[in-house]
Each structure stands twice: as structure tokens, then as C-alpha cells.
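Everything below belongs to start37.cif, which stores mmCIF, C-alpha atoms.
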```cif
data_coords
#
loop_
_atom_site.label_atom_id
_atom_site.label_comp_id
_atom_site.auth_asym_id
_atom_site.auth_seq_id
_atom_site.Cartn_x
_atom_site.Cartn_y
_atom_site.Cartn_z
CA MET A 1 -31.94 -27.75 -48.74
CA SER A 2 -28.43 -29.00 -48.18
CA LYS A 3 -28.30 -32.35 -46.37
CA PRO A 4 -24.55 -32.04 -45.61
CA ALA A 5 -25.16 -28.64 -43.95
CA LEU A 6 -27.84 -30.08 -41.65
CA PHE A 7 -25.69 -33.13 -40.94
CA SER A 8 -22.66 -31.06 -39.92
CA LEU A 9 -24.87 -28.79 -37.79
CA HIS A 10 -26.36 -31.84 -36.03
CA GLN A 11 -22.85 -33.15 -35.35
CA ALA A 12 -21.80 -29.81 -33.87
CA LEU A 13 -24.97 -29.68 -31.73
CA ARG A 14 -24.29 -33.19 -30.40
CA LYS A 15 -20.75 -32.21 -29.48
CA SER A 16 -21.99 -29.07 -27.71
CA PHE A 17 -24.57 -30.91 -25.65
CA GLN A 18 -22.05 -33.59 -24.67
CA SER A 19 -19.68 -30.81 -23.62
CA LEU A 20 -22.51 -29.08 -21.69
CA GLU A 21 -23.30 -32.33 -19.85
CA ASN A 22 -19.65 -32.87 -18.83
CA ASN A 23 -19.21 -29.23 -17.87
CA GLN A 24 -22.39 -29.20 -15.79
CA LYS A 25 -20.98 -32.07 -13.69
CA VAL A 26 -17.67 -30.24 -13.18
CA TRP A 27 -19.48 -27.00 -12.30
CA THR A 28 -21.69 -28.76 -9.71
CA SER A 29 -18.74 -30.49 -8.05
CA VAL A 30 -16.64 -27.30 -7.91
CA LEU A 31 -19.55 -25.38 -6.35
CA ALA A 32 -19.97 -28.19 -3.79
CA GLU A 33 -16.29 -27.71 -2.85
CA CYS A 34 -16.87 -23.96 -2.43
CA SER A 35 -19.62 -24.31 0.21
CA PRO A 36 -17.38 -25.45 3.13
CA LEU A 37 -14.80 -22.81 2.15
CA MET A 38 -17.44 -20.06 2.32
CA ALA A 39 -18.59 -21.40 5.71
CA SER A 40 -14.95 -21.29 6.95
CA LEU A 41 -14.68 -17.70 5.79
CA GLY A 42 -17.79 -16.72 7.76
CA ASN A 43 -16.50 -18.53 10.88
CA LEU A 44 -13.08 -16.87 10.69
CA ALA A 45 -14.71 -13.45 10.31
CA GLU A 46 -16.86 -14.14 13.39
CA GLN A 47 -13.76 -15.19 15.37
CA LEU A 48 -11.97 -11.98 14.34
CA ARG A 49 -15.05 -9.96 15.33
CA ALA A 50 -15.14 -11.71 18.74
CA LEU A 51 -11.44 -11.02 19.19
CA SER A 52 -12.02 -7.31 18.48
CA ASN A 53 -14.86 -7.21 21.03
CA VAL A 54 -12.84 -8.75 23.85
CA GLN A 55 -10.47 -6.71 26.00
CA ILE A 56 -7.80 -9.35 26.56
CA SER A 57 -6.08 -7.03 29.04
CA ASN A 58 -9.16 -7.42 31.29
CA THR A 59 -9.05 -11.24 31.23
CA PRO A 60 -6.72 -13.83 32.80
CA LEU A 61 -5.09 -14.07 29.35
CA ARG A 62 -3.48 -10.64 29.91
CA ASP A 63 -0.39 -12.48 31.22
CA PHE A 64 0.36 -13.61 27.67
CA PRO A 65 2.06 -10.73 25.88
CA ASP A 66 1.16 -10.16 22.19
CA LEU A 67 -1.60 -12.78 22.42
CA GLU A 68 -4.16 -10.61 20.62
CA GLU A 69 -1.73 -9.73 17.80
CA ARG A 70 -0.72 -13.35 17.39
CA LEU A 71 -4.34 -14.57 17.31
CA ARG A 72 -5.29 -11.84 14.86
CA PHE A 73 -2.33 -12.72 12.66
CA LYS A 74 -3.21 -16.43 12.76
CA LEU A 75 -6.87 -15.78 11.87
CA SER A 76 -5.92 -13.37 9.05
CA LEU A 77 -3.48 -15.93 7.67
CA ALA A 78 -6.18 -18.65 7.75
CA MET A 79 -8.55 -16.26 5.98
CA ASP A 80 -6.02 -15.51 3.24
CA THR A 81 -5.56 -19.26 2.72
CA VAL A 82 -9.33 -19.80 2.34
CA LEU A 83 -9.65 -16.81 -0.04
CA GLY A 84 -6.76 -18.25 -2.07
CA LYS A 85 -8.54 -21.61 -2.35
CA LEU A 86 -11.76 -19.88 -3.40
CA ASN A 87 -9.89 -18.01 -6.12
CA GLU A 88 -8.55 -21.36 -7.40
CA LYS A 89 -12.15 -22.66 -7.51
CA MET A 90 -13.14 -19.54 -9.46
CA SER A 91 -10.47 -20.40 -12.03
CA SER A 92 -12.10 -23.84 -12.42
CA LEU A 93 -15.53 -22.23 -12.81
CA GLN A 94 -14.11 -19.84 -15.39
CA SER A 95 -12.75 -22.80 -17.40
CA VAL A 96 -16.23 -24.37 -17.39
CA LYS A 97 -17.87 -21.09 -18.44
CA ASP A 98 -15.29 -20.54 -21.21
CA SER A 99 -15.60 -24.09 -22.48
CA ILE A 100 -19.41 -23.78 -22.75
CA SER A 101 -19.16 -20.32 -24.37
CA ASN A 102 -16.64 -21.54 -26.95
CA GLN A 103 -18.75 -24.57 -27.88
CA VAL A 104 -21.93 -22.52 -28.23
CA SER A 105 -20.17 -19.82 -30.21
CA ALA A 106 -18.72 -22.47 -32.60
CA VAL A 107 -22.21 -23.92 -33.22
CA PHE A 108 -23.68 -20.50 -33.94
CA GLN A 109 -20.80 -19.72 -36.27
CA LEU A 110 -21.43 -22.95 -38.18
CA TYR A 111 -25.14 -22.14 -38.33
CA GLU A 112 -24.41 -18.65 -39.72
CA GLN A 113 -22.11 -20.13 -42.38
CA ASN A 114 -24.75 -22.62 -43.50
CA LYS A 115 -28.01 -20.79 -42.97
CA ASP A 116 -28.41 -19.92 -46.66
CA SER A 117 -28.56 -23.62 -47.50
CA LEU A 118 -30.96 -24.42 -44.63
CA ASP A 119 -34.63 -23.73 -45.29
CA LEU A 120 -37.12 -22.89 -42.54
CA LEU A 121 -38.40 -26.47 -42.39
CA ALA A 122 -34.89 -27.85 -41.81
CA VAL A 123 -34.42 -25.51 -38.87
CA THR A 124 -37.86 -25.88 -37.26
CA GLU A 125 -38.72 -29.52 -37.97
CA ARG A 126 -38.69 -31.78 -34.93
CA SER A 127 -39.40 -35.46 -34.36
CA ALA A 128 -39.95 -37.70 -31.32
CA VAL A 129 -36.20 -38.20 -30.90
CA VAL A 130 -34.67 -35.15 -32.60
CA PRO A 131 -35.59 -31.66 -31.36
CA SER A 132 -35.56 -28.86 -33.92
CA VAL A 133 -32.31 -27.04 -34.69
CA SER A 134 -33.89 -23.75 -33.57
CA ASP A 135 -34.93 -25.25 -30.19
CA MET A 136 -31.47 -26.72 -29.62
CA LEU A 137 -29.72 -23.44 -30.48
CA GLU A 138 -31.99 -21.62 -28.05
CA TRP A 139 -31.34 -24.17 -25.26
CA LEU A 140 -27.58 -23.85 -25.72
CA GLN A 141 -27.83 -20.07 -25.65
CA ASP A 142 -29.86 -20.20 -22.41
CA ALA A 143 -27.31 -22.53 -20.78
CA GLU A 144 -24.39 -20.36 -21.88
CA ARG A 145 -26.10 -17.24 -20.48
CA HIS A 146 -26.81 -18.99 -17.16
CA TYR A 147 -23.20 -20.04 -16.57
CA ARG A 148 -21.84 -16.68 -17.68
CA GLN A 149 -24.13 -14.78 -15.27
CA GLN A 150 -23.46 -17.22 -12.42
CA PHE A 151 -19.70 -16.88 -12.88
CA LEU A 152 -19.79 -13.07 -13.00
CA ARG A 153 -22.01 -12.79 -9.91
CA ARG A 154 -19.80 -15.12 -7.87
CA LYS A 155 -16.63 -13.41 -9.07
CA THR A 156 -18.06 -9.99 -8.15
CA LEU A 157 -18.98 -11.25 -4.68
CA LEU A 158 -15.46 -12.61 -4.06
CA GLN A 159 -13.90 -9.35 -5.25
CA THR A 160 -15.68 -7.50 -2.42
CA LEU A 161 -14.03 -9.71 0.24
CA ARG A 162 -10.94 -8.54 2.09
CA ALA A 163 -9.39 -9.92 5.27
CA ASP A 164 -9.57 -6.50 6.95
CA HIS A 165 -13.24 -5.94 6.14
CA LEU A 166 -15.35 -8.09 8.49
CA SER A 167 -19.01 -7.33 7.67
CA PRO A 168 -18.89 -8.49 4.02
CA LEU A 169 -16.98 -11.62 5.12
CA GLU A 170 -19.56 -12.48 7.80
CA SER A 171 -22.44 -12.20 5.32
CA ALA A 172 -20.51 -13.86 2.45
CA PRO A 173 -21.76 -17.47 3.02
CA LYS A 174 -25.43 -16.33 2.90
CA ARG A 175 -24.86 -14.09 -0.11
CA TRP A 176 -22.99 -16.90 -1.92
CA LYS A 177 -25.87 -19.31 -1.25
CA SER A 178 -28.43 -16.75 -2.44
CA LEU A 179 -26.78 -16.81 -5.88
CA GLU A 180 -27.81 -20.45 -6.40
CA SER A 181 -30.30 -20.91 -9.19
CA PRO A 182 -31.79 -24.42 -8.89
CA SER A 183 -34.55 -23.68 -11.43
CA ALA A 184 -32.00 -22.75 -14.13
CA GLU A 185 -29.92 -25.86 -13.34
CA GLU A 186 -33.08 -28.00 -13.54
CA ARG A 187 -33.90 -26.48 -16.94
CA ILE A 188 -30.43 -27.43 -18.20
CA THR A 189 -30.82 -30.98 -16.83
CA ASP A 190 -34.25 -31.11 -18.49
CA THR A 191 -32.69 -29.93 -21.77
CA LEU A 192 -30.05 -32.68 -21.57
CA CYS A 193 -32.87 -35.22 -21.12
CA LYS A 194 -34.64 -33.84 -24.21
CA VAL A 195 -31.51 -34.25 -26.34
CA SER A 196 -30.34 -37.59 -24.89
CA PHE A 197 -31.82 -39.68 -27.75
CA PHE A 198 -30.52 -37.18 -30.29
CA ILE A 199 -27.00 -37.45 -28.85
CA GLU A 200 -27.11 -41.26 -28.96
CA CYS A 201 -28.60 -41.64 -32.46
CA GLN A 202 -25.47 -40.59 -34.34
#
```

Please lay out the structure from this file as C-alpha cells.
Amino acid sequence: MSKPALFSLHQALRKSFQSLENNQKVWTSVLAECSPLMASLGNLAEQLRALSNVQISNTPLRDFPDLEERLRFKLSLAMDTVLGKLNEKMSSLQSVKDSISNQVSAVFQLYEQNKDSLDLLAVTERSAVVPSVSDMLEWLQDAERHYRQQFLRRKTLLQTLRADHLSPLESAPKRWKSLESPSAEERITDTLCKVSFFIECQ
């Protein structure tokens, strides 16, 4: 068995888990910023719906010419602004997803390059402070898959939203919330706890 191969793999795994920890924090904070934006979107859609259901010409507001058009224009403009902000947040989430994917892919590449000099024991041996290489590779793969799926689902949802299409906008906040996966996030946090000693004992 090649000690240098295992050493370099351990170094790469440490780097990946540190990156995962930092990226998880960014991901969580960006998602927290998305929640009020999704709520705004739902509210604006409801206001547009209410405007469509009201015959302004039958109310005292009929004395204001073009009022309905101006209100509709104002609400549509506000909606476009919110959708624009959400697209910016999606760019941030994409950066997180890409960063995690690149790190994980680099570790697997290094493993592939060195696997001939790593025997089964080197890959499966674990101690109280150092998980096995095979466990750590699996945990990274799980985390990478989680963020990739989460990003794609959220991106798909946003792509269905258009300012002139009210029903999907009204249900968007609920659908966005339903994509949350606390159990997967907890597993990643749990994984980071399992590797915390390993990361520190460089």
C-alpha cells in the first residue's frame, strides 16, 4: 500500500469537507433570503387576481381613468422585480452546487488515479477519529446529489413562473416550501460532525 497515495487522498477529502461546510452555510442563507421573495410573489399574484375580479367601473374609483391599467402595470413591474431577484439567488445557489460538484469530482478523480496503490484495508479501515475513505467518498457523493437535485427542482419551479400566469404564481410559495428537505440537510450536518476530528487532525 502506498502511504503517499492515502495521505494525498486524506488531504483532498479534508478540503472537500471544509468546502462542503462553507457551502452549506451559504446555501442555507441564500434559501432564507428566498423565502420572503416567494411570499411577495404570492401576494402580488393575489393582488392581481383581486384586481381582475373587481369591476372598477362599478365602484367609486371609476372617476379615475386608466386606474386599472396603472395598477396592473405597477403590480406586474413589482412582480418582474421579485422574479429578477429570485433569479439572482438561483445564480448563487448554482455557484454553491457547482463548487460542491467540482470538489467531489476532484476527490473521485484522485481516488481513481491512486486506487491501484490503495488496498482494500486502506479504503475501508476506520478509527475513532478517522472515518474510512469509502464512507467519506459515499457521504460526499450523497451531499453532491442532494444539492444538485435541490437546485434543479427549484430552477424548474422558477422556470414555470410568468407574470401573466397567475395560478402558478399563487401556489409558488407553497410549492417552493415543499421542496425543502430537512432530513437530507440533517444528514449532511451529521456527516460534518463525523468528520470534524478528521478535518482538525491534519

Distance table requested - region 31-133 of chain A against region 161-164 of chain A, cut-off 10 Å, all atoms listed in the file: one row per qualifying residue with the closest atom pair and its distance in Å to one decimal, ordered by chain and rising residue number, as a Markdown table.
```
| residue | atom | partner | partner_atom | distance |
| --- | --- | --- | --- | --- |
| A:Leu41 | CA | A:Ala163 | CA | 9.4 |
| A:Leu44 | CA | A:Ala163 | CA | 9.6 |
| A:Ala45 | CA | A:Ala163 | CA | 8.1 |
| A:Leu48 | CA | A:Asp164 | CA | 9.5 |
| A:Leu75 | CA | A:Ala163 | CA | 9.2 |
| A:Ser76 | CA | A:Ala163 | CA | 6.2 |
| A:Leu77 | CA | A:Ala163 | CA | 8.8 |
| A:Ala78 | CA | A:Ala163 | CA | 9.6 |
| A:Met79 | CA | A:Ala163 | CA | 6.4 |
| A:Asp80 | CA | A:Ala163 | CA | 6.8 |
| A:Leu83 | CA | A:Leu161 | CA | 8.3 |
```

Practice task
Figure out the distance between CA of Arg175 (chain A) and CA of Lys85 (chain A), please, to one decimal in Å.
Solution key: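 Going from CA of Lys85 (chain A) over to CA of Arg175 (chain A) covers 18.1 Å.
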
Problem - Computed interatomic separation between CA of Asn22 (chain A) and CA of Leu6 (chain A) (Å) - result: 24.4 Å

Problem - Target residues per the PyMOL selection byres ((chain A and resi 170) around 7), formatted as a list in words - result: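 With the shown file as input, the PyMOL selection byres ((chain A and resi 170) around 7) matches Gly42, Ala45, Glu46, Leu166, Ser167, Pro168, Leu169, Ser171 and Ala172 of chain A.
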
Handout entry: Residue members of the PyMOL selection byres ((chain A and resi 89-98) around 7) in the file shown, as an MDAnalysis selection string
Key = chainID A and resid 23 27 30 85:88 99:102 147:148 151

Completion exercise
Taken to one decimal, the CA of Leu9 (chain A)-CA of Tyr111 (chain A) distance is 6.7 Å

Fill in the blank from the handout: Judged by all atoms listed in the file, the minimum distance to Leu152 (chain A) among A:Leu140, A:Arg126, A:Leu179, A:Ile188 is found for A:Leu179

Problem - Explicit residues for the PyMOL selection byres ((chain A and resi 114-119) around 12) (as number ranges by chain) - result: A: 1-10, 107-113, 120-125, 133-134

Practice task
Take the point (-12.3, -23.7, 1.8) as written in the file and pick out every residue within 6 Å of it, counting only C-alpha atoms; give the list as a list of chain:residue names.
Solution key: A:Pro36, A:Leu37, A:Val82, A:Lys85

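Restricting the calculation to all atoms listed in the file, the smallest distance between Glu144 (chain A) and any of A:Cys193, A:Cys34, A:Val104, A:Ala12 is found for A:Val104.
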
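Among the candidates A:Ser181, A:Ala128, A:Glu68, A:Gln149, the residue lying nearest to Leu51 (chain A) is A:Glu68 (atoms considered: all atoms listed in the file).
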